[in-house]
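In what follows, a structure is listed as structure tokens, so that the remarks can point back to it.
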Amino acid sequence: MQEAARFAAMMQRSAELKRRIAVELADAVVGVVDACEASLRAGGKVIFCGNGGSAADSQHLATEMLIRLRGSVERASWPALALTLDTSMLTAAGNDYGYERVFERPLRGLGRAGDVLFGITTSGRSANVVRALQAAREMAIVTVGLLGGAGEPARGLCDHLLLVPDQETARIQECHIALGHAVLELLEDRLVARPL
């Protein structure tokens, strides 16, 4: 297949997957927006974690809450945190407790009941994300899974599930950031209309 045709096929597949989740995940997205709004109105925060590209998505989404999503919307900064940002914390946790606990350990110190944790994993199998979701459940933190594939075992630990039904990491990641943007845009609309 020529490269131009391959490129067109990639874009078509990505678009078809987004059309599918637009229908299948609409109610789930609204549920996540509800959970985030409830947490913020109660003085909570939104926390994100993931590995690799999902770590970048964690930082991207947390930043859009702290700074802003849309340049045309002036609003307050909202409390958000990406557990992927502090290299000293990540390396200390990995060294002292093992890589599987690099998100769980700081979550236990920073998270509070009523916060929201987004666990982002394209496979659903990232051990450190799964452990963070388990810890969140123990701490009465609301759990949101941005997952791919079958989503197991992470999906069983999620109060709210945004599962992209595909196996290809790149296509899943494209949908994850689109879902994250949709959640934050809907949340922003609500909180601009009725500020915290």
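In the structure tokens, the first chain shown is A, the next is B, and so on; residue numbers restart at 1 for each chain, and ligands run from 1 in the order shown.
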
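Secondary structure of region 127-188 of chain A, strand (DSSP E or B) only (DSSP, backbone atoms): Val142, Thr143, Val144, Gly145, Leu146, Leu147, Gly148, His160, Leu161, Leu162, Leu163 and Val164 of chain A.
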
Selection export as a PDB file, in the first residue's frame, atoms kept: N, CA and C atoms:
ATOM      1  N   VAL A 142     -13.180   8.581  43.774  1.00  0.00           N
ATOM      2  CA  VAL A 142     -13.937   8.144  42.608  1.00  0.00           C
ATOM      3  C   VAL A 142     -12.946   7.767  41.501  1.00  0.00           C
ATOM      4  N   THR A 143     -13.143   6.611  40.877  1.00  0.00           N
ATOM      5  CA  THR A 143     -12.196   6.131  39.870  1.00  0.00           C
ATOM      6  C   THR A 143     -12.798   6.185  38.466  1.00  0.00           C
ATOM      7  N   VAL A 144     -11.993   6.711  37.537  1.00  0.00           N
ATOM      8  CA  VAL A 144     -12.356   6.781  36.128  1.00  0.00           C
ATOM      9  C   VAL A 144     -11.277   6.042  35.346  1.00  0.00           C
ATOM     10  N   GLY A 145     -11.683   5.109  34.519  1.00  0.00           N
ATOM     11  CA  GLY A 145     -10.734   4.401  33.670  1.00  0.00           C
ATOM     12  C   GLY A 145     -10.805   4.893  32.241  1.00  0.00           C
ATOM     13  N   LEU A 146      -9.704   5.458  31.740  1.00  0.00           N
ATOM     14  CA  LEU A 146      -9.537   5.706  30.304  1.00  0.00           C
ATOM     15  C   LEU A 146      -8.721   4.525  29.808  1.00  0.00           C
ATOM     16  N   LEU A 147      -9.418   3.551  29.239  1.00  0.00           N
ATOM     17  CA  LEU A 147      -8.810   2.253  28.947  1.00  0.00           C
ATOM     18  C   LEU A 147      -8.948   1.895  27.481  1.00  0.00           C
ATOM     19  N   GLY A 148      -8.264   0.812  27.099  1.00  0.00           N
ATOM     20  CA  GLY A 148      -8.384   0.273  25.749  1.00  0.00           C
ATOM     21  C   GLY A 148      -8.454  -1.229  25.797  1.00  0.00           C
ATOM     22  N   HIS A 160     -16.321   4.695  36.847  1.00  0.00           N
ATOM     23  CA  HIS A 160     -16.738   5.220  35.543  1.00  0.00           C
ATOM     24  C   HIS A 160     -15.756   4.685  34.504  1.00  0.00           C
ATOM     25  N   LEU A 161     -16.293   4.128  33.433  1.00  0.00           N
ATOM     26  CA  LEU A 161     -15.462   3.458  32.440  1.00  0.00           C
ATOM     27  C   LEU A 161     -15.581   4.150  31.090  1.00  0.00           C
ATOM     28  N   LEU A 162     -14.442   4.610  30.559  1.00  0.00           N
ATOM     29  CA  LEU A 162     -14.352   5.135  29.205  1.00  0.00           C
ATOM     30  C   LEU A 162     -13.392   4.220  28.449  1.00  0.00           C
ATOM     31  N   LEU A 163     -13.951   3.160  27.892  1.00  0.00           N
ATOM     32  CA  LEU A 163     -13.173   2.097  27.243  1.00  0.00           C
ATOM     33  C   LEU A 163     -13.221   2.261  25.733  1.00  0.00           C
ATOM     34  N   VAL A 164     -12.056   2.395  25.119  1.00  0.00           N
ATOM     35  CA  VAL A 164     -11.960   2.469  23.667  1.00  0.00           C
ATOM     36  C   VAL A 164     -11.816   1.045  23.147  1.00  0.00           C
TER      37      VAL A 164
END

Check your understanding: Could you pull the residues within 10 Å of Val130 (chain A), counting only C-alpha atoms, minus those fewer than 6 positions along the same chain, as JSON, numbers by chain?
Key -> {"A": [50, 100, 101, 103, 104, 119, 120, 121, 124, 136, 145, 152, 153, 154, 155, 156, 157, 158]}

Practice item. Any chance you could list, as number ranges by chain, the residues in chain A that come up alpha helix (DSSP H) when DSSP is run on the backbone? Key: A: 3-24, 26-41, 53-66, 87-97, 104-110, 127-138, 169-193

Practice item. List the neighbours of Ser58 (chain A) out to 6 Å using only C-alpha atoms; skip same-chain residues closer than 5 positions along the sequence, and give me the result as number ranges by chain. Key: A: 48-49, 82

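All residues of protein, DNA or RNA that reach within 8 Å of region 185-191 of chain A, judged by only C-alpha atoms and not counting those fewer than 3 positions away in the chain, are A:Val33, A:Cys36, A:Glu37, A:Leu69, A:His181, A:Ala182, A:Arg194, A:Pro195, A:Leu196.
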
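Minimum atom-to-atom distance to Ser54 (chain A), evaluated using only C-alpha atoms, belongs to A:Thr122 out of A:Gln167, A:Asn128, A:Ser72, A:Thr122.
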
Check your understanding: Which polymer residues have any atom within 12 Å of an atom of Ala92 (chain A), counting only C-alpha atoms, with same-chain residues fewer than 6 positions away left out, as a PyMOL selection string?
Key -> chain A and resi 86+98-99+101-103+105-106

For C-alpha atoms, I'd like the residues from the last selection saved as a short mmCIF file (atom, residue, chain, number, x, y, z; two decimals), in the first residue's frame.
data_model
loop_
_atom_site.label_atom_id
_atom_site.label_comp_id
_atom_site.auth_asym_id
_atom_site.auth_seq_id
_atom_site.Cartn_x
_atom_site.Cartn_y
_atom_site.Cartn_z
CA ASP A 86 7.83 14.74 39.93
CA GLY A 98 9.00 -0.95 43.07
CA TYR A 99 7.66 0.47 39.83
CA ARG A 101 3.75 1.45 43.35
CA VAL A 102 4.99 4.70 41.75
CA PHE A 103 1.43 6.10 41.56
CA ARG A 105 2.40 5.65 47.06
CA PRO A 106 1.96 9.39 46.33
#

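The smallest atom-to-atom distance between Asp27 (chain A) and any of A:Val183, A:Met65, A:Val192, A:Gly53, using only C-alpha atoms, is found for A:Val183.
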
Exercise for review: Would you kindly return, as a PyMOL selection string, each protein, DNA or RNA residue with an atom no farther than 12 Å from any atom of Lys18 (chain A), considering only C-alpha atoms and excluding same-chain residues fewer than 2 positions away?
Suggested key: chain A and resi 11-16+20-26+163-166+171-179+182

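Here the question is which of A:Ile47, A:Met10, A:Ala113, A:Ala76 gets nearest to His60 (chain A) using only C-alpha atoms, and that residue is A:Ile47.
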